[in-house]
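Printed here is data_6.cif (mmCIF, C-alpha atoms):
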```cif
data_work
#
loop_
_atom_site.label_atom_id
_atom_site.label_comp_id
_atom_site.auth_asym_id
_atom_site.auth_seq_id
_atom_site.Cartn_x
_atom_site.Cartn_y
_atom_site.Cartn_z
CA MET U 129 113.10 49.91 96.48
CA GLU U 130 110.42 49.33 93.87
CA ALA U 131 110.88 47.65 90.50
CA SER U 132 108.84 48.34 87.37
CA VAL U 133 108.80 46.13 84.32
CA ILE U 134 109.62 48.22 81.28
CA TYR U 135 110.70 47.50 77.71
CA LEU U 136 113.70 48.51 75.64
CA VAL U 137 114.22 48.03 71.93
CA ARG U 138 117.31 46.14 70.78
CA GLY U 139 119.15 48.26 68.23
CA ALA U 140 120.38 45.29 66.19
CA ASP U 141 116.98 43.85 65.25
CA GLU U 142 114.41 46.30 66.70
CA SER U 143 113.00 43.56 68.93
CA LEU U 144 111.31 44.41 72.22
CA VAL U 145 113.24 43.31 75.31
CA GLU U 146 111.92 43.18 78.86
CA ALA U 147 113.90 45.29 81.33
CA VAL U 148 113.58 46.63 84.88
CA LEU U 149 113.41 50.19 86.14
CA LEU U 150 114.50 50.50 89.78
CA ASP U 151 113.80 53.58 91.89
CA ASP U 152 117.17 53.04 93.49
CA LEU U 153 120.82 53.68 92.68
CA ASP U 154 123.13 52.21 95.26
CA LYS U 155 126.49 50.55 95.79
CA PRO U 156 125.94 47.43 93.65
CA HIS U 157 124.76 49.58 90.73
CA LEU U 158 127.70 51.93 91.20
CA GLU U 159 130.11 49.00 91.15
CA GLN U 160 128.52 47.66 88.00
CA LEU U 161 128.64 51.10 86.41
CA GLU U 162 132.33 51.50 87.25
CA ALA U 163 133.19 47.99 86.12
CA THR U 164 131.35 48.09 82.80
CA TRP U 165 130.88 51.69 81.64
CA ALA U 166 134.27 53.12 82.62
CA PRO U 167 136.40 50.71 80.49
CA VAL U 168 134.35 51.55 77.39
CA VAL U 169 134.70 55.28 78.01
CA GLU U 170 138.44 54.88 78.62
CA GLN U 171 138.74 52.96 75.34
CA VAL U 172 136.93 55.78 73.53
CA LYS U 173 139.25 58.33 75.15
CA ARG U 174 142.31 56.39 74.02
CA THR U 175 141.18 55.95 70.45
CA THR U 176 139.28 59.10 69.47
CA PRO U 177 140.06 62.83 69.36
CA ARG U 178 139.13 64.76 72.47
CA ASP U 179 136.26 66.61 70.80
CA ARG U 180 134.51 63.26 70.26
CA TRP U 181 134.78 62.03 73.84
CA PRO U 182 131.43 61.48 75.63
CA GLU U 183 130.21 64.75 77.12
CA ASP U 184 129.98 63.15 80.55
CA TRP U 185 133.35 61.35 80.51
CA HIS U 186 134.52 63.30 83.55
CA TRP U 187 131.56 62.42 85.77
CA ASN U 188 132.46 60.66 88.99
CA TRP U 189 129.33 58.69 89.90
CA ARG U 190 130.88 57.58 93.20
CA ASP U 191 131.11 61.21 94.32
CA LYS U 192 127.67 62.04 92.95
CA LEU U 193 126.08 59.11 94.74
CA SER U 194 127.90 59.83 97.97
CA HIS U 195 126.64 63.43 97.81
CA ALA U 196 123.12 62.25 96.97
CA HIS U 197 123.03 59.96 99.99
CA GLN U 198 123.88 62.90 102.24
CA THR U 199 121.44 65.32 100.63
CA PHE U 200 117.79 65.62 101.51
CA GLY U 201 115.46 65.06 98.59
CA GLN U 202 117.85 63.34 96.18
CA ARG U 203 116.75 60.06 94.63
CA GLY U 204 118.40 57.64 92.25
CA PHE U 205 117.07 55.49 89.41
CA CYS U 206 118.58 52.90 87.14
CA ILE U 207 117.56 50.56 84.34
CA THR U 208 118.87 47.02 84.08
CA CYS U 209 118.47 44.68 81.13
CA GLU U 210 120.05 41.32 80.33
CA GLY U 211 122.21 41.60 83.43
CA GLY U 212 123.68 44.99 82.52
CA LEU U 213 123.16 48.51 83.81
CA GLN U 214 121.72 50.45 80.87
CA GLY U 215 121.13 53.89 82.34
CA ALA U 216 121.26 55.89 85.58
CA MET U 217 119.71 59.09 86.88
CA LEU U 218 119.83 61.26 90.00
CA VAL U 219 116.99 63.67 90.71
CA ASP U 220 116.36 66.37 93.28
CA LEU U 221 112.94 66.83 94.84
CA ALA U 222 113.84 70.08 96.60
CA SER U 223 114.04 72.37 93.58
CA LEU U 224 112.15 75.39 92.30
CA SER U 225 111.25 76.15 88.71
CA ASN U 226 113.22 78.76 86.78
CA LYS U 227 110.73 81.38 87.94
CA GLY U 228 111.29 80.35 91.53
CA THR U 229 107.59 80.06 92.11
CA ARG U 230 106.64 76.45 91.41
CA SER U 231 108.28 73.27 92.58
CA VAL U 232 109.71 71.05 89.88
CA LEU U 233 111.55 67.80 90.08
CA TYR U 234 115.06 68.61 88.90
CA VAL U 235 117.07 66.00 87.00
CA ASP U 236 120.59 66.43 88.35
CA TYR U 237 122.28 63.79 86.21
CA LEU U 238 121.08 61.43 83.53
CA ALA U 239 123.31 59.10 81.54
CA VAL U 240 122.87 56.01 79.41
CA ALA U 241 125.45 53.24 79.11
CA PRO U 242 128.17 53.92 76.51
CA TRP U 243 126.92 51.09 74.29
CA ASN U 244 123.52 52.78 74.11
CA ARG U 245 125.00 55.86 72.45
CA SER U 246 125.19 56.03 68.69
CA ALA U 247 128.41 58.06 68.84
CA ILE U 248 130.10 55.05 70.48
CA GLN U 249 128.23 52.05 69.13
CA THR U 250 126.09 51.75 65.99
CA PRO U 251 123.47 50.49 66.25
CA LYS U 252 122.90 51.23 69.92
CA ARG U 253 122.55 48.06 71.99
CA PHE U 254 119.26 49.31 73.44
CA LYS U 255 117.03 52.25 72.57
CA ALA U 256 114.47 54.06 74.77
CA VAL U 257 116.70 54.04 77.87
CA GLY U 258 116.92 57.84 78.16
CA GLY U 259 113.25 58.40 77.36
CA THR U 260 112.23 55.86 79.98
CA LEU U 261 114.33 57.60 82.62
CA ILE U 262 112.64 60.89 81.73
CA ALA U 263 109.27 59.15 82.03
CA ALA U 264 110.33 57.90 85.48
CA ALA U 265 111.22 61.45 86.52
CA VAL U 266 107.80 62.65 85.34
CA GLN U 267 106.04 59.83 87.21
CA LEU U 268 107.92 60.63 90.43
CA SER U 269 107.05 64.30 89.97
CA ILE U 270 103.36 63.31 89.74
CA ASP U 271 103.64 61.01 92.78
CA GLU U 272 105.28 63.76 94.83
CA GLY U 273 102.64 66.35 93.97
CA PHE U 274 104.61 68.33 91.38
CA LYS U 275 102.06 67.41 88.70
CA GLY U 276 104.69 66.05 86.34
CA ARG U 277 106.78 69.22 86.22
CA ILE U 278 110.48 68.51 85.77
CA GLY U 279 113.50 70.65 84.88
CA LEU U 280 116.95 69.79 83.60
CA HIS U 281 120.09 71.21 82.03
CA SER U 282 120.73 69.35 78.79
CA LEU U 283 124.17 68.23 77.75
CA PRO U 284 124.87 70.04 74.44
CA GLY U 285 124.54 66.88 72.34
CA ALA U 286 121.17 65.97 73.82
CA ARG U 287 119.22 69.14 73.08
CA ARG U 288 117.48 67.67 70.03
CA PHE U 289 116.12 64.87 72.21
CA TYR U 290 114.53 67.19 74.79
CA GLU U 291 113.18 69.59 72.19
CA LYS U 292 111.85 67.24 69.52
CA ASN U 293 111.26 63.92 71.28
CA CYS U 294 110.08 65.21 74.63
CA GLY U 295 108.59 68.55 73.57
CA MET U 296 110.02 70.34 76.61
CA THR U 297 109.92 74.11 76.91
CA ILE U 298 113.27 75.78 76.21
CA ILE U 299 113.85 78.21 79.04
CA GLY U 300 117.29 79.21 77.70
CA PRO U 301 121.01 79.20 78.46
CA ASP U 302 121.77 79.31 82.18
CA PRO U 303 124.85 81.41 82.99
CA GLN U 304 124.98 79.80 86.43
CA LYS U 305 125.32 76.36 84.83
CA GLN U 306 128.05 76.95 82.27
CA ASN U 307 125.44 78.29 79.84
CA LEU U 308 123.82 74.88 79.45
CA THR U 309 120.31 75.15 78.06
CA TYR U 310 117.67 74.70 80.74
CA TYR U 311 114.43 72.89 79.86
CA GLU U 312 111.19 72.35 81.72
CA PHE U 313 108.15 70.19 81.28
CA THR U 314 104.91 71.91 82.20
CA SER U 315 102.31 69.67 83.77
CA GLU U 316 100.45 69.45 80.44
CA GLN U 317 103.59 68.64 78.44
CA ALA U 318 104.66 66.01 80.96
CA ASN U 319 101.32 64.23 80.90
CA ALA U 320 101.27 64.34 77.10
CA PHE U 321 104.76 62.77 77.06
CA LEU U 322 103.65 59.93 79.32
CA ALA U 323 100.62 59.36 77.12
CA LYS U 324 102.69 59.32 73.95
CA PRO U 325 106.28 60.39 73.10
CA LEU U 326 106.05 62.98 70.37
CA THR U 327 108.06 64.68 67.72
CA LYS U 328 107.70 68.21 66.48
CA MET X 293 107.50 54.68 92.52
CA LYS X 294 105.91 52.50 89.89
CA LEU X 295 106.03 53.18 86.16
CA ASN X 296 103.23 51.60 84.17
CA LEU X 297 103.47 52.27 80.46
CA PRO X 298 102.21 50.09 77.61
CA LYS X 299 104.61 48.31 75.26
CA ASP X 300 103.60 50.69 72.46
CA TRP X 301 105.01 53.60 74.43
CA PHE X 302 108.50 52.07 74.44
CA ILE X 303 108.34 51.14 70.75
CA ARG X 304 107.41 54.70 69.85
CA ALA X 305 110.00 56.16 72.24
CA ALA X 306 112.73 54.00 70.67
CA LYS X 307 111.66 54.90 67.14
CA LEU X 308 111.70 58.62 67.89
CA GLU X 309 114.98 58.42 69.82
CA GLY X 310 116.84 57.06 66.78
CA ASP X 311 120.45 58.22 66.96
CA CYS X 312 119.74 61.02 69.45
CA GLU X 313 122.08 61.37 72.40
CA VAL X 314 120.40 61.62 75.80
CA GLY X 315 122.06 63.15 78.85
CA ALA X 316 121.66 65.84 81.48
CA GLY X 317 124.17 67.35 83.87
CA SER X 318 127.37 69.25 83.25
CA PRO X 319 129.74 68.95 80.27
CA PRO X 320 133.55 68.90 80.50
CA THR X 321 133.94 71.53 77.78
CA ALA X 322 132.43 74.25 79.91
CA ILE X 323 134.59 73.30 82.85
CA GLN X 324 137.65 73.23 80.67
CA SER X 325 137.01 76.65 79.21
CA ALA X 326 136.97 77.99 82.74
CA THR X 327 140.29 76.31 83.56
CA PRO X 328 143.18 78.78 83.39
CA MET X 329 145.82 77.75 80.87
CA ILE X 330 148.52 78.08 83.53
CA SER X 331 146.72 75.37 85.50
CA VAL X 332 146.42 73.13 82.44
CA PHE X 333 150.12 73.53 81.74
CA THR X 334 150.97 72.77 85.38
CA HIS X 335 148.90 69.58 85.28
CA LEU X 336 150.46 68.60 81.96
CA THR X 337 153.96 69.03 83.35
CA PHE X 338 153.10 67.24 86.58
CA GLY X 339 151.60 64.33 84.62
CA ARG X 340 154.80 64.06 82.61
CA LEU X 341 156.85 64.13 85.82
CA VAL X 342 154.83 61.29 87.32
CA LEU X 343 154.98 59.26 84.11
CA LEU X 344 158.75 59.54 83.77
CA LEU X 345 159.43 58.88 87.45
CA ARG X 346 157.17 55.83 87.28
CA ARG X 347 159.00 54.51 84.24
CA LYS X 348 162.35 55.23 85.87
CA LEU X 349 161.31 52.94 88.72
CA GLY X 350 160.04 50.37 86.21
CA LEU X 351 156.53 50.43 87.65
CA SER X 352 153.20 49.93 85.94
CA ILE X 353 150.37 52.35 86.80
CA GLU X 354 148.78 49.65 88.96
CA GLN X 355 152.03 49.04 90.86
CA LEU X 356 152.54 52.76 91.45
CA ALA X 357 148.93 53.09 92.60
CA ALA X 358 149.46 50.30 95.13
CA ARG X 359 152.67 51.86 96.48
CA ALA X 360 151.21 55.37 96.64
CA GLU X 361 147.93 54.08 98.08
CA ALA X 362 146.07 55.87 95.28
CA ALA X 363 143.42 54.86 92.77
CA THR X 364 144.68 53.59 89.41
CA GLU X 365 142.12 55.79 87.63
CA GLU X 366 143.44 58.86 89.43
CA LEU X 367 147.02 58.13 88.37
CA GLN X 368 145.89 57.46 84.80
CA ALA X 369 144.09 60.81 84.79
CA ILE X 370 147.15 62.59 86.21
CA GLU X 371 149.33 61.19 83.43
CA ASP X 372 146.85 61.60 80.55
CA ASP X 373 144.48 64.43 81.31
CA PRO X 374 145.82 67.99 81.76
CA TYR X 375 142.38 69.11 82.93
CA HIS X 376 142.43 66.72 85.85
CA GLU X 377 143.28 68.27 89.21
CA PRO X 378 145.26 65.78 91.29
CA GLU X 379 144.01 64.82 94.75
CA PRO X 380 146.31 66.07 97.56
CA SER X 381 146.37 62.60 99.14
CA THR X 382 147.58 61.13 95.85
CA VAL X 383 150.31 63.75 95.49
CA TYR X 384 151.41 63.03 99.05
CA GLY X 385 151.61 59.30 98.29
CA LEU X 386 153.55 59.94 95.09
CA ALA X 387 156.05 62.17 96.90
CA GLN X 388 156.68 59.31 99.36
CA VAL X 389 157.21 56.77 96.58
CA PHE X 390 159.48 59.03 94.53
CA GLY X 391 161.41 60.31 97.56
CA LEU X 392 160.68 63.94 96.74
CA SER X 393 159.62 66.85 98.93
CA VAL X 394 155.86 66.81 99.57
CA THR X 395 155.78 70.62 99.42
CA LYS X 396 157.54 70.65 96.06
CA MET X 397 155.32 67.93 94.68
CA MET X 398 152.24 69.87 95.82
CA GLN X 399 153.59 72.95 94.05
CA ALA X 400 154.40 70.96 90.92
CA ALA X 401 150.84 69.59 90.93
CA GLY X 402 149.40 73.11 91.20
CA LEU X 403 147.99 72.43 94.67
CA ALA X 404 150.28 74.89 96.44
CA VAL X 405 151.73 78.21 95.34
CA ALA X 406 155.45 78.22 94.66
CA LYS X 407 157.53 81.34 95.14
CA LYS X 408 159.06 80.60 91.77
CA LEU X 409 157.05 78.36 89.50
CA PRO X 410 159.25 76.24 87.24
CA LEU X 411 157.54 77.65 84.16
CA ASN X 412 160.77 78.09 82.31
CA LYS X 413 162.26 76.50 79.23
CA GLU X 414 162.99 73.32 81.20
CA ALA X 415 159.30 72.91 82.01
CA VAL X 416 158.26 73.65 78.44
CA ARG X 417 160.76 71.12 77.10
CA PHE X 418 159.65 68.66 79.76
CA ALA X 419 155.96 68.84 78.91
CA THR X 420 156.26 67.15 75.55
CA ASP X 421 154.89 63.73 74.68
CA ALA X 422 156.34 60.61 76.27
CA LYS X 423 155.75 56.90 75.88
CA PRO X 424 153.55 55.33 78.57
CA THR X 425 155.88 52.37 79.23
CA GLY X 426 159.47 51.19 78.89
CA PRO X 427 162.84 52.39 80.19
CA LEU X 428 163.75 56.07 79.82
CA SER X 429 165.67 57.18 76.76
CA PRO X 430 168.82 59.30 77.42
CA GLU X 431 166.86 62.39 76.31
CA GLU X 432 164.00 61.64 78.69
CA GLN X 433 166.45 60.92 81.54
CA HIS X 434 168.12 64.29 80.91
CA ALA X 435 164.78 66.14 80.73
CA LEU X 436 163.63 64.50 83.96
CA GLU X 437 166.80 65.35 85.86
CA ALA X 438 166.82 68.92 84.55
CA TYR X 439 163.19 69.44 85.53
CA ILE X 440 163.63 67.96 89.01
CA ALA X 441 166.70 70.14 89.50
CA THR X 442 164.60 73.19 88.55
CA LEU X 443 161.81 72.03 90.82
CA LEU X 444 164.10 71.64 93.81
CA ASP X 445 166.16 74.76 93.13
CA ASP X 446 164.08 77.05 95.30
CA GLU X 447 164.24 74.60 98.21
CA ARG X 448 167.99 74.13 98.01
CA GLY X 449 168.44 77.91 98.02
CA LYS X 450 166.86 78.03 101.47
CA GLU X 451 169.20 75.37 102.92
#
```
Using structure tokens, write down the structure that the file contains.
Amino acid sequence: MEASVIYLVRGADESLVEAVLLDDLDKPHLEQLEATWAPVVEQVKRTTPRDRWPEDWHWNWRDKLSHAHQTFGQRGFCITCEGGLQGAMLVDLASLSNKGTRSVLYVDYLAVAPWNRSAIQTPKRFKAVGGTLIAAAVQLSIDEGFKGRIGLHSLPGARRFYEKNCGMTIIGPDPQKQNLTYYEFTSEQANAFLAKPLTK
Amino acid sequence: MKLNLPKDWFIRAAKLEGDCEVGAGSPPTAIQSATPMISVFTHLTFGRLVLLLRRKLGLSIEQLAARAEAATEELQAIEDDPYHEPEPSTVYGLAQVFGLSVTKMMQAAGLAVAKKLPLNKEAVRFATDAKPTGPLSPEEQHALEAYIATLLDDERGKE
């Protein structure tokens, strides 16, 4: 397990806060996720109409992690800050691009803590969690020889982020994945993102 | 893997992120749209059955979970979420606690095919809203008994 010092921005006062990115997602993180994220999501489910529930409310991270541990090429990441788990991601190193010709690192699941979502808490407790996880996926892709290429299926509410903030290529709706829009970073786009997040 | 990015990168990333949502994976809406309505109705009715039987026994969700050897979250989902498919082990545990036929409970939960699904007016009446706690009202008691009678009808016919 390797730790990287990163920085998040506190939503309340825009101050920079030191945080840690771990290339690991294991039992202690899962327990923290279940103990801290789930009650907030349940509260949202009890108090808001169904169409405003978080798009990933049904995810069972215990099952996802169990599957990842039994699957070749799956790796986990998480971000911790001020004692709390701020985001988590599972990636797959054994994936092909949409054309089936080039290897890409595929982001299976990416989620930020409920309090880092503007739909649940305004202002977000911390910003830059999701972008940092994407940067971690790009860095792992580079380290593993995929030249920064990554692919992912965006949750419907996150498309603006991948298109405008990341500048990913829109491959299109994927009928095999419930018509979620599939995005890819080319090597050039990925390296540009690491050099400087952009907006179109 | 080591990530080395300057502080400026994070400041810019946060500024651009703004109120954007960030997530990748699979959404519940797509799964739900693929869920047949008959299944949703079955889960809704089964959730109501569990809720009323639990209240009849005067148990909290946590107490029922302990007796049925099931997860509290699973029972909460069974009672609240018609899109949730109950785990067979949970249904088995619930049948033991409630003293009902495992086969019938599996059918009621949509995990086994019944010769005659109780999708009649009793089930429709039964699948209406109910309070999460407190003793059963006379109307709820009647609805529960009528639904269980319908549920067990097929089994009694074989005896």
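Near chain X, counting all atoms listed in the file at 6 Å, the chain U residues are U:Ser132, U:Glu183, U:Asp184, U:Asp236, U:Tyr237, U:Leu238, U:Ala239, U:Ser246, U:Lys255, U:Ala256, U:Gly258, U:His281, U:Ser282, U:Leu283, U:Ala286, U:Phe289, U:Gln306, U:Pro325.
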Counting all atoms listed in the file, figure out which residue out of U:Phe274, U:Tyr310, U:Phe205, U:Phe254 gets nearest to Glu130 in chain U. U:Phe205
Can you translate the PyMOL selection byres ((chain X and resi 363) around 12) into the concrete residues it hits in this file, as number ranges by chain? X: 353-362, 364-370, 378-379, 381-383, 385-386
Please provide the set of residues having any atom within 12 Å of Glu162 in chain U, restricted to all atoms listed in the file, with same-chain residues fewer than 2 positions apart removed, written as a list in words. Lys155, Pro156, His157, Leu158, Glu159, Gln160, Thr164, Trp165, Ala166, Pro167, Val168, Val169, Glu170, Trp185, Trp187, Asn188, Trp189, Arg190, Gly212, Leu213, Ala241 and Pro242 of chain U; Glu365 of chain X
Counting all atoms listed in the file, the residue among X:Thr334, X:Val342, X:Lys396, X:Leu349 that lies closest to Pro374 in chain X is X:Thr334
With all atoms listed in the file as the basis for distance, which of U:Val172, U:Ala247, U:Met129, U:Leu233 is at the shortest distance from Ala318 in chain U? U:Leu233
Using the chain letters and numbers from this file, what does the PyMOL selection byres ((chain U and resi 273) around 12) select? Give the answer as a PyMOL selection string. chain U and resi 221+230-233+266-272+274-278+315
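Counting from CA of Asn244 in chain U, the distance to CA of Gly295 in chain U is 21.7 Å.
The interatomic distance for the pair CA of Ser429 in chain X and CA of Ala401 in chain X works out to 24.0 Å.
Straight-line separation from CA of Thr175 in chain U to CA of Thr425 in chain X: 17.5 Å.
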Run the PyMOL selection byres ((chain U and resi 134) around 6) on the file and write out the hits as number ranges by chain. U: 133, 135, 147-148
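For the set X:Val389, X:Leu341, X:Leu403, X:Leu336, the residue with the smallest atom-to-atom gap to Leu443 in chain X is X:Leu341, counting all atoms listed in the file.
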Nearest candidate to Trp243 in chain U (options U:Leu193, U:Ala323, U:Ala140, U:Ala131; using only C-alpha atoms): U:Ala140
Export all heavy atoms of range 282-292 of chain U from the structure just given, as a PDB file, in the first residue's frame?
```
ATOM      1  N   SER U 282     -20.151   6.978 -17.154  1.00  0.00           N
ATOM      2  CA  SER U 282     -20.524   8.043 -16.215  1.00  0.00           C
ATOM      3  C   SER U 282     -21.926   7.819 -15.664  1.00  0.00           C
ATOM      4  O   SER U 282     -22.840   7.420 -16.396  1.00  0.00           O
ATOM      5  CB  SER U 282     -20.491   9.392 -16.932  1.00  0.00           C
ATOM      6  OG  SER U 282     -21.044  10.400 -16.116  1.00  0.00           O
ATOM      7  N   LEU U 283     -22.097   8.096 -14.368  1.00  0.00           N
ATOM      8  CA  LEU U 283     -23.453   8.194 -13.850  1.00  0.00           C
ATOM      9  C   LEU U 283     -24.097   9.399 -14.537  1.00  0.00           C
ATOM     10  O   LEU U 283     -23.395  10.370 -14.854  1.00  0.00           O
ATOM     11  CB  LEU U 283     -23.436   8.384 -12.335  1.00  0.00           C
ATOM     12  CG  LEU U 283     -22.984   7.165 -11.514  1.00  0.00           C
ATOM     13  CD1 LEU U 283     -22.976   7.492 -10.025  1.00  0.00           C
ATOM     14  CD2 LEU U 283     -23.876   5.964 -11.774  1.00  0.00           C
ATOM     15  N   PRO U 284     -25.402   9.362 -14.786  1.00  0.00           N
ATOM     16  CA  PRO U 284     -26.033  10.440 -15.573  1.00  0.00           C
ATOM     17  C   PRO U 284     -25.741  11.832 -15.040  1.00  0.00           C
ATOM     18  O   PRO U 284     -25.497  12.761 -15.816  1.00  0.00           O
ATOM     19  CB  PRO U 284     -27.522  10.104 -15.472  1.00  0.00           C
ATOM     20  CG  PRO U 284     -27.559   8.619 -15.292  1.00  0.00           C
ATOM     21  CD  PRO U 284     -26.363   8.284 -14.456  1.00  0.00           C
ATOM     22  N   GLY U 285     -25.713  12.009 -13.731  1.00  0.00           N
ATOM     23  CA  GLY U 285     -25.504  13.337 -13.160  1.00  0.00           C
ATOM     24  C   GLY U 285     -24.071  13.830 -13.232  1.00  0.00           C
ATOM     25  O   GLY U 285     -23.790  14.980 -12.884  1.00  0.00           O
ATOM     26  N   ALA U 286     -23.160  12.981 -13.644  1.00  0.00           N
ATOM     27  CA  ALA U 286     -21.737  13.346 -13.631  1.00  0.00           C
ATOM     28  C   ALA U 286     -21.177  13.645 -15.018  1.00  0.00           C
ATOM     29  O   ALA U 286     -19.990  13.942 -15.164  1.00  0.00           O
ATOM     30  CB  ALA U 286     -20.923  12.230 -12.977  1.00  0.00           C
ATOM     31  N   ARG U 287     -22.026  13.594 -16.029  1.00  0.00           N
ATOM     32  CA  ARG U 287     -21.519  13.741 -17.401  1.00  0.00           C
ATOM     33  C   ARG U 287     -20.817  15.083 -17.615  1.00  0.00           C
ATOM     34  O   ARG U 287     -19.799  15.145 -18.298  1.00  0.00           O
ATOM     35  CB  ARG U 287     -22.669  13.568 -18.397  1.00  0.00           C
ATOM     36  CG  ARG U 287     -23.183  12.147 -18.451  1.00  0.00           C
ATOM     37  CD  ARG U 287     -24.283  11.984 -19.459  1.00  0.00           C
ATOM     38  NE  ARG U 287     -23.863  12.465 -20.777  1.00  0.00           N
ATOM     39  CZ  ARG U 287     -24.640  12.487 -21.839  1.00  0.00           C
ATOM     40  NH1 ARG U 287     -25.869  12.051 -21.752  1.00  0.00           N
ATOM     41  NH2 ARG U 287     -24.198  12.948 -22.983  1.00  0.00           N
ATOM     42  N   ARG U 288     -21.386  16.148 -17.030  1.00  0.00           N
ATOM     43  CA  ARG U 288     -20.788  17.479 -17.219  1.00  0.00           C
ATOM     44  C   ARG U 288     -19.337  17.488 -16.722  1.00  0.00           C
ATOM     45  O   ARG U 288     -18.464  18.109 -17.317  1.00  0.00           O
ATOM     46  CB  ARG U 288     -21.617  18.518 -16.447  1.00  0.00           C
ATOM     47  CG  ARG U 288     -21.180  19.945 -16.694  1.00  0.00           C
ATOM     48  CD  ARG U 288     -22.302  20.906 -16.287  1.00  0.00           C
ATOM     49  NE  ARG U 288     -22.559  20.896 -14.856  1.00  0.00           N
ATOM     50  CZ  ARG U 288     -22.150  21.839 -14.013  1.00  0.00           C
ATOM     51  NH1 ARG U 288     -21.457  22.857 -14.468  1.00  0.00           N
ATOM     52  NH2 ARG U 288     -22.432  21.785 -12.741  1.00  0.00           N
ATOM     53  N   PHE U 289     -19.103  16.769 -15.621  1.00  0.00           N
ATOM     54  CA  PHE U 289     -17.760  16.732 -15.047  1.00  0.00           C
ATOM     55  C   PHE U 289     -16.765  16.096 -16.024  1.00  0.00           C
ATOM     56  O   PHE U 289     -15.684  16.637 -16.274  1.00  0.00           O
ATOM     57  CB  PHE U 289     -17.777  15.952 -13.731  1.00  0.00           C
ATOM     58  CG  PHE U 289     -16.418  15.762 -13.128  1.00  0.00           C
ATOM     59  CD1 PHE U 289     -15.800  16.798 -12.440  1.00  0.00           C
ATOM     60  CD2 PHE U 289     -15.731  14.562 -13.265  1.00  0.00           C
ATOM     61  CE1 PHE U 289     -14.530  16.638 -11.904  1.00  0.00           C
ATOM     62  CE2 PHE U 289     -14.468  14.394 -12.730  1.00  0.00           C
ATOM     63  CZ  PHE U 289     -13.868  15.433 -12.042  1.00  0.00           C
ATOM     64  N   TYR U 290     -17.134  14.951 -16.598  1.00  0.00           N
ATOM     65  CA  TYR U 290     -16.188  14.258 -17.484  1.00  0.00           C
ATOM     66  C   TYR U 290     -15.997  15.007 -18.802  1.00  0.00           C
ATOM     67  O   TYR U 290     -14.920  14.973 -19.394  1.00  0.00           O
ATOM     68  CB  TYR U 290     -16.656  12.823 -17.741  1.00  0.00           C
ATOM     69  CG  TYR U 290     -16.699  12.013 -16.464  1.00  0.00           C
ATOM     70  CD1 TYR U 290     -17.892  11.539 -15.951  1.00  0.00           C
ATOM     71  CD2 TYR U 290     -15.534  11.775 -15.735  1.00  0.00           C
ATOM     72  CE1 TYR U 290     -17.933  10.839 -14.755  1.00  0.00           C
ATOM     73  CE2 TYR U 290     -15.564  11.082 -14.546  1.00  0.00           C
ATOM     74  CZ  TYR U 290     -16.763  10.618 -14.054  1.00  0.00           C
ATOM     75  OH  TYR U 290     -16.802   9.936 -12.872  1.00  0.00           O
ATOM     76  N   GLU U 291     -17.056  15.670 -19.254  1.00  0.00           N
ATOM     77  CA  GLU U 291     -16.965  16.362 -20.535  1.00  0.00           C
ATOM     78  C   GLU U 291     -16.243  17.699 -20.401  1.00  0.00           C
ATOM     79  O   GLU U 291     -15.342  18.003 -21.175  1.00  0.00           O
ATOM     80  CB  GLU U 291     -18.375  16.588 -21.113  1.00  0.00           C
ATOM     81  CG  GLU U 291     -19.015  15.284 -21.579  1.00  0.00           C
ATOM     82  CD  GLU U 291     -20.476  15.449 -21.974  1.00  0.00           C
ATOM     83  OE1 GLU U 291     -20.887  16.581 -22.282  1.00  0.00           O
ATOM     84  OE2 GLU U 291     -21.202  14.440 -21.957  1.00  0.00           O
ATOM     85  N   LYS U 292     -16.651  18.499 -19.431  1.00  0.00           N
ATOM     86  CA  LYS U 292     -16.116  19.865 -19.352  1.00  0.00           C
ATOM     87  C   LYS U 292     -14.871  19.959 -18.470  1.00  0.00           C
ATOM     88  O   LYS U 292     -13.930  20.663 -18.805  1.00  0.00           O
ATOM     89  CB  LYS U 292     -17.198  20.810 -18.845  1.00  0.00           C
ATOM     90  CG  LYS U 292     -18.374  20.907 -19.811  1.00  0.00           C
ATOM     91  CD  LYS U 292     -19.248  22.088 -19.518  1.00  0.00           C
ATOM     92  CE  LYS U 292     -20.443  22.152 -20.448  1.00  0.00           C
ATOM     93  NZ  LYS U 292     -20.073  22.269 -21.865  1.00  0.00           N
TER      94      LYS U 292
END
```
